[in-house]
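Asks: My questions will all concern the structure given below.
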Amino acid sequence: MGAGNIGILSTGSYLPKNEVGNEEVAERVGVTAEWIERKTQIRSRRYAAEHEATSDLAVRAGERALTQAGLTAQQIDYIIVSTSTGDFPQPPTSYLVQHGLGAYGAACFDVNVVCSGFVYALSLAHSLVTVRPHARVLVIGADVYSRILDFTDRRTAILFADGAGAAVVGAVPKPYGIIATDLSSRGDAHHLIRVEAGGSRRPASAATLAAGDHFFRMDGRGVRDFVAEHVPPALLALADRAGVDIGAVDHFVPHQANGVMLADVVERAGLTAARTHRTLIRYGNVGSASVPVALDEANRTGALSPGDLVLLAGFGGGMSIGASLLTWGAHA
């Protein structure tokens, strides 16, 4: 199947200390804790402390990935931060992360592909190391959704939470590393997931604040239909292009959107033989951090062994899909 020689050297994650159970959320949104778990499989989630912003979570996750890799911040050549909830409209959140880490030799930039962003950033990191083979790239997915949730909207408030996950990407010996990646975008479905105000089209005003237009909005049914129609075929096409039987995948590490939705994706894509890693039960949907947080947990608990075939999959706002197939192993 022709594995590449660029892969993930290490992982790290950070979840805020403030644990929020279904009972607390249920009381705020007017449902029961049982209803939340039945609809989503989520039991608890983490919310950032008052003093914590997206960059703070990202720095902590990045530090843990660097420690596992045995690298200092000065040895990082690039920092890519995937987020749709940056600290500010500008400067880029990656520059705040660079400053927090002291990684002043790194070139930095953000990507915003919402919940697919980590896989998109991983693809960019692969390209950067292809051009500069000795480079090391710190890729971080981080989001603080608790700050943009409308707790009168039970469809979204029960799902989203805060967290950060990271990976160091660099050269690895064959046969380990990234085999293939596929990215796809469907702007005709951009309306399904959105924050309607705060940008150049509808800048912040007393009217947008009064209307609640700075809150996160989602058409849940539309998202479910999009995922069911487009994600399984995308995963099957990626495996086919890589010359891999989807049934040979050992580990499926998906975006932690909703437990019921994930079960449907697994069934439709023929991934029932793989071990699907689910962190949403304890952490909820942490946006762009979902895939790297789940990957870090799988890595640190010893679930992944050298040579295992791992499929990463992000999907979400845009609408977007990002999937990457890799052979695990050869950590720094």
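The way I read the labels, and the way they are meant: chains A, B, ... in the order of the structure tokens, residue 1 as the first residue of every chain, and ligand 1 as the first ligand shown, with later ones counted on from there.
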What's around Val113 of chain A at 7 Å? Count only C-alpha atoms, leave out sequence neighbours fewer than 4 positions away in its own chain, and write the answer as a ChimeraX atom specification.
Replies: /A:117,317-318
Asks: Go ahead and save the picked residues with N, CA, C and O atoms, as an mmCIF file, in the first residue's frame.
Replies:
data_model
loop_
_atom_site.group_PDB
_atom_site.id
_atom_site.type_symbol
_atom_site.label_atom_id
_atom_site.label_comp_id
_atom_site.auth_asym_id
_atom_site.auth_seq_id
_atom_site.Cartn_x
_atom_site.Cartn_y
_atom_site.Cartn_z
ATOM 1 N N GLY A 117 -10.829 20.739 10.721
ATOM 2 C CA GLY A 117 -9.604 21.520 10.637
ATOM 3 C C GLY A 117 -8.326 20.801 10.989
ATOM 4 O O GLY A 117 -7.280 21.048 10.382
ATOM 5 N N GLY A 317 -18.542 22.029 9.780
ATOM 6 C CA GLY A 317 -18.918 23.293 9.171
ATOM 7 C C GLY A 317 -18.198 23.597 7.875
ATOM 8 O O GLY A 317 -17.021 23.321 7.708
ATOM 9 N N GLY A 318 -18.944 24.152 6.954
ATOM 10 C CA GLY A 318 -18.382 24.519 5.664
ATOM 11 C C GLY A 318 -19.313 24.259 4.496
ATOM 12 O O GLY A 318 -19.560 25.151 3.736
#
Asks: Could you name the residues that touch Ala26 of chain A at 9 Å or less, counting only C-alpha atoms, but leaving out those on the same chain fewer than 4 positions away, as a ChimeraX atom specification?
Replies: /A:21-22,30-36,154,158
Asks: As a PyMOL selection string, which residues of segment 48-288 of chain A does DSSP assign to strand (DSSP E or B)?
Replies: chain A and resi 78-82+107-111+137-144+160+162-171+177-185+193-195+216-218+251-254+275-276+285
Asks: Could you write out that same residue set with N, CA and C atoms as a compact mmCIF listing (two decimals), in the first residue's frame?
Replies:
# COMPACT_ATOMS: atom_id res chain seq x y z
N TYR A 78 7.34 24.90 12.35
CA TYR A 78 6.05 25.48 11.99
C TYR A 78 5.03 25.16 13.09
N ILE A 79 4.12 26.09 13.30
CA ILE A 79 2.97 25.85 14.18
C ILE A 79 1.71 26.15 13.38
N ILE A 80 0.82 25.16 13.31
CA ILE A 80 -0.47 25.34 12.65
C ILE A 80 -1.55 25.14 13.71
N VAL A 81 -2.39 26.13 13.91
CA VAL A 81 -3.49 26.02 14.87
C VAL A 81 -4.81 26.01 14.11
N SER A 82 -5.57 24.96 14.30
CA SER A 82 -6.90 24.84 13.73
C SER A 82 -7.93 25.24 14.77
N ALA A 107 7.48 29.39 12.03
CA ALA A 107 6.50 30.15 11.25
C ALA A 107 5.12 29.65 11.63
N CYS A 108 4.16 30.56 11.77
CA CYS A 108 2.86 30.20 12.34
C CYS A 108 1.70 30.64 11.46
N PHE A 109 0.64 29.85 11.46
CA PHE A 109 -0.59 30.30 10.83
C PHE A 109 -1.77 29.49 11.35
N ASP A 110 -2.96 30.05 11.19
CA ASP A 110 -4.21 29.40 11.59
C ASP A 110 -4.90 28.80 10.38
N VAL A 111 -5.71 27.80 10.63
CA VAL A 111 -6.68 27.34 9.64
C VAL A 111 -8.04 27.28 10.33
N VAL A 137 6.65 19.95 12.55
CA VAL A 137 5.47 20.81 12.57
C VAL A 137 4.60 20.45 13.77
N LEU A 138 4.26 21.47 14.55
CA LEU A 138 3.33 21.28 15.66
C LEU A 138 1.93 21.65 15.17
N VAL A 139 1.07 20.64 15.11
CA VAL A 139 -0.31 20.83 14.63
C VAL A 139 -1.24 20.74 15.83
N ILE A 140 -2.06 21.78 16.01
CA ILE A 140 -2.95 21.83 17.17
C ILE A 140 -4.37 22.13 16.72
N GLY A 141 -5.32 21.36 17.26
CA GLY A 141 -6.74 21.67 17.11
C GLY A 141 -7.26 22.12 18.46
N ALA A 142 -7.88 23.29 18.52
CA ALA A 142 -8.34 23.83 19.81
C ALA A 142 -9.60 24.65 19.62
N ASP A 143 -10.55 24.47 20.51
CA ASP A 143 -11.78 25.26 20.46
C ASP A 143 -12.35 25.48 21.85
N VAL A 144 -12.99 26.64 22.03
CA VAL A 144 -13.70 26.97 23.26
C VAL A 144 -15.13 27.34 22.86
N PHE A 160 -21.68 20.75 22.64
CA PHE A 160 -20.35 21.33 22.46
C PHE A 160 -19.65 21.67 23.76
N ASP A 162 -15.16 22.33 25.35
CA ASP A 162 -13.86 22.97 25.14
C ASP A 162 -12.72 21.97 25.30
N GLY A 163 -11.67 22.16 24.50
CA GLY A 163 -10.51 21.29 24.62
C GLY A 163 -9.48 21.59 23.55
N ALA A 164 -8.34 20.93 23.65
CA ALA A 164 -7.27 21.09 22.66
C ALA A 164 -6.51 19.78 22.53
N GLY A 165 -6.11 19.47 21.30
CA GLY A 165 -5.29 18.30 21.02
C GLY A 165 -4.19 18.67 20.05
N ALA A 166 -3.06 17.98 20.13
CA ALA A 166 -1.89 18.35 19.33
C ALA A 166 -1.14 17.13 18.85
N ALA A 167 -0.36 17.35 17.79
CA ALA A 167 0.53 16.31 17.28
C ALA A 167 1.75 16.98 16.69
N VAL A 168 2.90 16.33 16.85
CA VAL A 168 4.11 16.77 16.16
C VAL A 168 4.28 15.89 14.93
N VAL A 169 4.45 16.54 13.79
CA VAL A 169 4.57 15.85 12.51
C VAL A 169 5.98 16.02 11.98
N GLY A 170 6.57 14.93 11.47
CA GLY A 170 7.91 14.99 10.91
C GLY A 170 8.25 13.70 10.18
N ALA A 171 9.49 13.58 9.80
CA ALA A 171 9.95 12.40 9.06
C ALA A 171 9.94 11.17 9.96
N GLY A 177 3.87 6.07 8.80
CA GLY A 177 3.54 7.41 8.35
C GLY A 177 2.23 7.50 7.59
N ILE A 178 1.97 8.69 7.08
CA ILE A 178 0.72 8.99 6.37
C ILE A 178 0.73 8.32 5.00
N ILE A 179 -0.31 7.57 4.72
CA ILE A 179 -0.45 6.86 3.44
C ILE A 179 -1.17 7.74 2.43
N ALA A 180 -2.30 8.29 2.84
CA ALA A 180 -3.11 9.11 1.93
C ALA A 180 -4.03 10.00 2.74
N THR A 181 -4.35 11.14 2.15
CA THR A 181 -5.27 12.09 2.78
C THR A 181 -6.25 12.58 1.72
N ASP A 182 -7.47 12.81 2.12
CA ASP A 182 -8.47 13.35 1.20
C ASP A 182 -9.23 14.47 1.88
N LEU A 183 -9.33 15.60 1.20
CA LEU A 183 -10.04 16.77 1.71
C LEU A 183 -11.13 17.13 0.71
N SER A 184 -12.31 17.46 1.22
CA SER A 184 -13.39 17.90 0.33
C SER A 184 -14.22 18.99 1.00
N SER A 185 -14.75 19.87 0.18
CA SER A 185 -15.50 21.03 0.67
C SER A 185 -16.79 21.19 -0.12
N ILE A 193 -24.05 25.11 9.39
CA ILE A 193 -23.34 25.41 10.64
C ILE A 193 -22.79 26.82 10.50
N ARG A 194 -23.07 27.69 11.47
CA ARG A 194 -22.72 29.09 11.26
C ARG A 194 -22.72 29.89 12.57
N VAL A 195 -22.00 31.00 12.55
CA VAL A 195 -22.14 32.09 13.51
C VAL A 195 -22.42 33.31 12.65
N PHE A 216 -23.46 30.31 18.26
CA PHE A 216 -23.32 29.19 17.32
C PHE A 216 -24.70 28.66 16.94
N ARG A 217 -24.91 28.42 15.64
CA ARG A 217 -26.17 27.87 15.17
C ARG A 217 -25.91 26.66 14.29
N MET A 218 -26.80 25.69 14.34
CA MET A 218 -26.63 24.48 13.54
C MET A 218 -27.99 23.90 13.17
N HIS A 251 -7.97 1.03 13.60
CA HIS A 251 -8.47 2.07 14.50
C HIS A 251 -9.14 3.18 13.70
N PHE A 252 -10.34 3.53 14.10
CA PHE A 252 -11.07 4.65 13.51
C PHE A 252 -11.14 5.76 14.54
N VAL A 253 -10.56 6.91 14.20
CA VAL A 253 -10.51 8.06 15.13
C VAL A 253 -11.29 9.20 14.47
N PRO A 254 -12.59 9.29 14.74
CA PRO A 254 -13.43 10.27 14.06
C PRO A 254 -13.64 11.54 14.89
N ARG A 275 -11.57 -0.61 15.73
CA ARG A 275 -11.89 -0.08 17.05
C ARG A 275 -12.16 1.42 16.89
N THR A 276 -13.39 1.83 17.15
CA THR A 276 -13.74 3.24 17.05
C THR A 276 -13.48 3.92 18.39
N ASN A 285 -18.45 17.26 22.27
CA ASN A 285 -17.93 17.65 20.97
C ASN A 285 -17.03 18.87 21.17
Asks: Considering only C-alpha atoms, can you say which of A:Ala234, A:Ala298, A:Ala313, A:Ala157 comes closest to His255 of chain A?
Replies: A:Ala313
Asks: From the set A:Leu271, A:Ile281, A:Leu309, A:Val129, which residue has the shortest atom-to-atom contact distance to Arg38 of chain A, counting only C-alpha atoms?
Replies: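 That would be A:Ile281, the residue with the smallest distance to Arg38 of chain A.
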Asks: What separation in Å, quoted to one decimal, exists between atom CA of Pro89 of chain A and atom CA of Ala289 of chain A?
Replies: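 Between these atoms lies a distance of 19.3 Å.
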Asks: Which residues, written as a count of residues only, have at least one atom at most 10 Å from Phe88 of chain A, with only C-alpha atoms counted and residues fewer than 5 positions away on the same chain left out?
Replies: 4
Asks: Determine which residues of segment 37-254 of chain A DSSP labels as helix (DSSP H, G or I) from the backbone of this structure, then write them out as a PyMOL selection string.
Replies: chain A and resi 37-40+54-69+73-75+93-101+114-131+145-148+154-157+187-192+206-211+220-242+246-248
